[in-house]
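A.B. asks: Just dropping this structure here.
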Amino acid sequence: QVQLVESGGGLVQPGGSLRLSCEVSGNIFSMSAVDWYRQAPGKEREWVATIRNIGSMAYAGSVKGRFTISRDDAKNAVYLQMNSLKPEDTAVYYCHGRLYGVDNWGQGTQVTVSS
């Protein structure tokens with residue numbers, strides 16, 4: 001079992017940047033990939049980005065070119081650098097990883113993009 005703890009959310013103006021962190025308890029390599037999801041008020045949770053153990057990354061079309069996912073294996077952490085933020089990026093952002101077929105989620109961190 002792993003635990004995921006997000007941090008780094010907050011209030012930012014349109015066009016601004018935030019860096020989210022996901023700290024993974026246990027060996028991060030126990031999961032083949034770590035993802036970021038987000039859920040806006042009144043909407044379903046949606047996938048944002050994935051980073052795999054082999055180093056490949058993937059992004060949702062709505063964030064490609066603005067968000068960058070990365071990992072620090074020595075710190076058992078995954079990051080989401082978010083640039084050129086838009087009001088529609090406002091959501092609770094969740095870290096996710098699957099271990100032995102079980103989905104593991106963090107508690108989420110709120111990101112609000114507003115002037």
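We name chains A, B, ... following the order of the structure tokens; residues begin at 1 in each chain, and ligands are numbered from 1 as shown.
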Extract, using only C-alpha atoms, all DNA, RNA and protein residues at most 8 Å from Val2 in chain A, discarding same-chain residues fewer than 3 positions from it, and format them as a list in words.

C.D. replies: Val24, Ser25, Gly26, Leu99 and Asn104 of chain A

A.B. asks: Please save N, CA, C and O atoms of the selected residues as a JSON list (two decimals), in the first residue's frame.

C.D. replies:
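Writing done, so here's selection_34.json:
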```json
[["chain", "number", "residue", "atom", "x", "y", "z"],
["A", 24, "VAL", "N", 5.08, 10.47, -2.18],
["A", 24, "VAL", "CA", 4.64, 9.07, -2.17],
["A", 24, "VAL", "C", 5.34, 8.35, -1.02],
["A", 24, "VAL", "O", 6.57, 8.33, -0.95],
["A", 25, "SER", "N", 4.55, 7.78, -0.12],
["A", 25, "SER", "CA", 5.15, 6.98, 0.94],
["A", 25, "SER", "C", 5.50, 5.61, 0.38],
["A", 25, "SER", "O", 4.75, 5.06, -0.42],
["A", 26, "GLY", "N", 6.65, 5.09, 0.76],
["A", 26, "GLY", "CA", 7.06, 3.83, 0.17],
["A", 26, "GLY", "C", 7.83, 4.08, -1.12],
["A", 26, "GLY", "O", 8.07, 5.20, -1.52],
["A", 99, "LEU", "N", -1.45, 0.28, -7.50],
["A", 99, "LEU", "CA", -0.54, -0.72, -6.96],
["A", 99, "LEU", "C", -1.28, -2.02, -6.80],
["A", 99, "LEU", "O", -2.29, -2.06, -6.07],
["A", 104, "ASN", "N", -4.89, 4.21, -5.69],
["A", 104, "ASN", "CA", -4.54, 5.01, -4.52],
["A", 104, "ASN", "C", -4.61, 6.48, -4.88],
["A", 104, "ASN", "O", -4.03, 6.91, -5.89]]
```

A.B. asks: As a list in words, please: every residue in chain A that DSSP puts in helix (DSSP H, G or I).

C.D. replies: Ile28, Phe29, Ser30, Asp73, Ala74, Lys75, Pro87, Glu88 and Asp89 of chain A

A.B. asks: With N, CA, C and O atoms retained, write the just-selected residues as a PDB file, in the first residue's frame.

C.D. replies:
```pdb
ATOM      1  N   ILE A  28       8.485   4.617  -4.774  1.00  0.00           N
ATOM      2  CA  ILE A  28       7.688   5.121  -5.891  1.00  0.00           C
ATOM      3  C   ILE A  28       7.690   4.150  -7.064  1.00  0.00           C
ATOM      4  O   ILE A  28       6.756   4.121  -7.859  1.00  0.00           O
ATOM      5  N   PHE A  29       8.728   3.310  -7.159  1.00  0.00           N
ATOM      6  CA  PHE A  29       8.806   2.358  -8.256  1.00  0.00           C
ATOM      7  C   PHE A  29       7.854   1.171  -8.075  1.00  0.00           C
ATOM      8  O   PHE A  29       7.735   0.336  -8.965  1.00  0.00           O
ATOM      9  N   SER A  30       7.194   1.108  -6.920  1.00  0.00           N
ATOM     10  CA  SER A  30       6.198   0.055  -6.722  1.00  0.00           C
ATOM     11  C   SER A  30       4.988   0.277  -7.624  1.00  0.00           C
ATOM     12  O   SER A  30       4.199  -0.639  -7.848  1.00  0.00           O
ATOM     13  N   ASP A  73      12.951  10.593  -8.011  1.00  0.00           N
ATOM     14  CA  ASP A  73      12.877   9.263  -7.399  1.00  0.00           C
ATOM     15  C   ASP A  73      13.581   9.218  -6.045  1.00  0.00           C
ATOM     16  O   ASP A  73      13.173   8.476  -5.161  1.00  0.00           O
ATOM     17  N   ALA A  74      14.602  10.021  -5.878  1.00  0.00           N
ATOM     18  CA  ALA A  74      15.319  10.048  -4.598  1.00  0.00           C
ATOM     19  C   ALA A  74      14.424  10.586  -3.487  1.00  0.00           C
ATOM     20  O   ALA A  74      14.576  10.211  -2.320  1.00  0.00           O
ATOM     21  N   LYS A  75      13.486  11.450  -3.855  1.00  0.00           N
ATOM     22  CA  LYS A  75      12.574  12.033  -2.861  1.00  0.00           C
ATOM     23  C   LYS A  75      11.203  11.358  -2.880  1.00  0.00           C
ATOM     24  O   LYS A  75      10.308  11.759  -2.140  1.00  0.00           O
ATOM     25  N   PRO A  87      -8.582  30.434 -15.925  1.00  0.00           N
ATOM     26  CA  PRO A  87      -9.670  30.205 -14.962  1.00  0.00           C
ATOM     27  C   PRO A  87     -10.251  28.798 -15.059  1.00  0.00           C
ATOM     28  O   PRO A  87     -10.652  28.228 -14.030  1.00  0.00           O
ATOM     29  N   GLU A  88     -10.267  28.229 -16.250  1.00  0.00           N
ATOM     30  CA  GLU A  88     -10.811  26.872 -16.410  1.00  0.00           C
ATOM     31  C   GLU A  88      -9.912  25.791 -15.833  1.00  0.00           C
ATOM     32  O   GLU A  88     -10.294  24.616 -15.809  1.00  0.00           O
ATOM     33  N   ASP A  89      -8.728  26.150 -15.374  1.00  0.00           N
ATOM     34  CA  ASP A  89      -7.866  25.198 -14.671  1.00  0.00           C
ATOM     35  C   ASP A  89      -8.246  25.085 -13.190  1.00  0.00           C
ATOM     36  O   ASP A  89      -7.688  24.239 -12.476  1.00  0.00           O
TER      37      ASP A  89
END
```

A.B. asks: Check the DSSP output for the backbone and give back, as a PyMOL selection string, the residues of chain A in strand (DSSP E).

C.D. replies: chain A and resi 4-7+10-12+18-24+33-39+46-52+57-59+67-72+77-82+91-99+102-105+109-113

A.B. asks: Restricting the calculation to only C-alpha atoms: of A:Thr112, A:Gly101, A:Gln13, A:Gln3, which residue gets closest to Asn76 in chain A?

C.D. replies: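 Closest to Asn76 in chain A, using only C-alpha atoms: A:Gln3.
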
A.B. asks: Between CA of Glu6 in chain A and CA of Asp72 in chain A, measure the distance and give it in Å to one decimal.

C.D. replies: 14.5 Å

A.B. asks: Using only C-alpha atoms, I'd like a table of the residues in range 15-36 of chain A that come within 8 Å of range 44-50 of chain A; for each, show the closest atom pair and its distance in Å rounded to one decimal, ordered by chain and ascending number, as CSV.

C.D. replies:
```
residue,atom,partner,partner_atom,distance
A:Ala33,CA,A:Thr50,CA,6.7
A:Val34,CA,A:Thr50,CA,5.8
A:Asp35,CA,A:Thr50,CA,4.3
A:Trp36,CA,A:Ala49,CA,5.3
```

A.B. asks: Would you export the selected residues with C-alpha atoms as a short mmCIF file (atom, residue, chain, number, x, y, z; two decimals), in the first residue's frame, please?

C.D. replies:
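Result file out_37.cif:
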```cif
data_model
loop_
_atom_site.label_atom_id
_atom_site.label_comp_id
_atom_site.auth_asym_id
_atom_site.auth_seq_id
_atom_site.Cartn_x
_atom_site.Cartn_y
_atom_site.Cartn_z
CA ALA A 33 3.08 5.23 -13.23
CA VAL A 34 1.84 8.24 -11.28
CA ASP A 35 -0.89 10.49 -12.58
CA TRP A 36 -2.45 13.85 -11.87
#
```

A.B. asks: For Val12 in chain A, find every residue with an atom within 8 Å (counting only C-alpha atoms), except residues of its own chain fewer than 3 positions away, and show them as an NGL selection string.

C.D. replies: :A and (16-18 or 111-115)

A.B. asks: Could the residues in this selection be written to a file with all heavy atoms, as a compact mmCIF listing (two decimals), in the first residue's frame?

C.D. replies:
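Printed below is result.txt as written:
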```
# COMPACT_ATOMS: atom_id res chain seq x y z
N GLY A 16 -0.62 33.10 -14.43
CA GLY A 16 0.38 32.77 -13.41
C GLY A 16 0.79 31.32 -13.42
O GLY A 16 0.35 30.53 -14.27
N SER A 17 1.62 30.95 -12.43
CA SER A 17 2.17 29.60 -12.35
C SER A 17 2.03 29.06 -10.93
O SER A 17 2.01 29.81 -9.96
CB SER A 17 3.65 29.59 -12.74
OG SER A 17 3.84 30.02 -14.06
N LEU A 18 1.93 27.74 -10.86
CA LEU A 18 1.97 27.02 -9.59
C LEU A 18 2.71 25.71 -9.82
O LEU A 18 2.69 25.17 -10.93
CB LEU A 18 0.56 26.72 -9.07
CG LEU A 18 -0.22 27.80 -8.33
CD1 LEU A 18 -1.62 27.30 -8.00
CD2 LEU A 18 0.50 28.25 -7.07
N VAL A 111 -6.69 24.34 -6.46
CA VAL A 111 -6.07 25.36 -7.31
C VAL A 111 -7.19 26.27 -7.81
O VAL A 111 -8.16 25.80 -8.39
CB VAL A 111 -5.33 24.73 -8.51
CG1 VAL A 111 -4.88 25.81 -9.49
CG2 VAL A 111 -4.14 23.92 -8.02
N THR A 112 -7.04 27.56 -7.53
CA THR A 112 -8.03 28.54 -7.97
C THR A 112 -7.34 29.60 -8.81
O THR A 112 -6.37 30.22 -8.36
CB THR A 112 -8.73 29.21 -6.78
OG1 THR A 112 -9.36 28.20 -5.97
CG2 THR A 112 -9.79 30.19 -7.24
N VAL A 113 -7.81 29.76 -10.04
CA VAL A 113 -7.24 30.75 -10.96
C VAL A 113 -8.28 31.84 -11.16
O VAL A 113 -9.33 31.63 -11.76
CB VAL A 113 -6.86 30.12 -12.31
CG1 VAL A 113 -6.17 31.17 -13.19
CG2 VAL A 113 -5.97 28.90 -12.11
N SER A 114 -8.00 33.01 -10.61
CA SER A 114 -8.97 34.09 -10.62
C SER A 114 -8.27 35.42 -10.44
O SER A 114 -7.25 35.52 -9.75
CB SER A 114 -10.00 33.89 -9.51
OG SER A 114 -10.89 35.00 -9.44
N SER A 115 -8.82 36.45 -11.07
CA SER A 115 -8.29 37.80 -10.88
C SER A 115 -9.03 38.51 -9.75
O SER A 115 -8.71 39.65 -9.43
CB SER A 115 -8.39 38.59 -12.18
OG SER A 115 -9.72 38.60 -12.65
```

A.B. asks: Neighbouring residues of Gly108 in chain A were defined as those with any atom within 7 Å, considering only C-alpha atoms; residues of the same chain fewer than 5 positions away were excluded. Please report them as a list in words.

C.D. replies: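 After dropping sequence-adjacent residues, the list is Glu6, Val92, Tyr93 and Tyr94 of chain A.
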
A.B. asks: When you count only C-alpha atoms, which of these residues is closest to Lys64 in chain A: A:Tyr100, A:Val78, A:Asn83, A:Arg19?

C.D. replies: A:Asn83

A.B. asks: Using only C-alpha atoms, which of the listed residues (A:Pro41, A:Gly8, A:Gly97, A:Gly55) sits closest to Thr109 in chain A?

C.D. replies: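 Looking at the shortest contact to Thr109 in chain A, the residue is A:Gly8.
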
A.B. asks: To one decimal in Å, tell me the separation between CA of Gly42 in chain A and CA of Met57 in chain A.

C.D. replies: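 Calculated distance between CA of Gly42 in chain A and CA of Met57 in chain A is 28.1 Å.
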
A.B. asks: Between CA of Thr68 in chain A and CA of Asn27 in chain A, what distance in Å does the model show, to one decimal?

C.D. replies: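 Rounded to one decimal, the two atoms are 22.2 Å apart.
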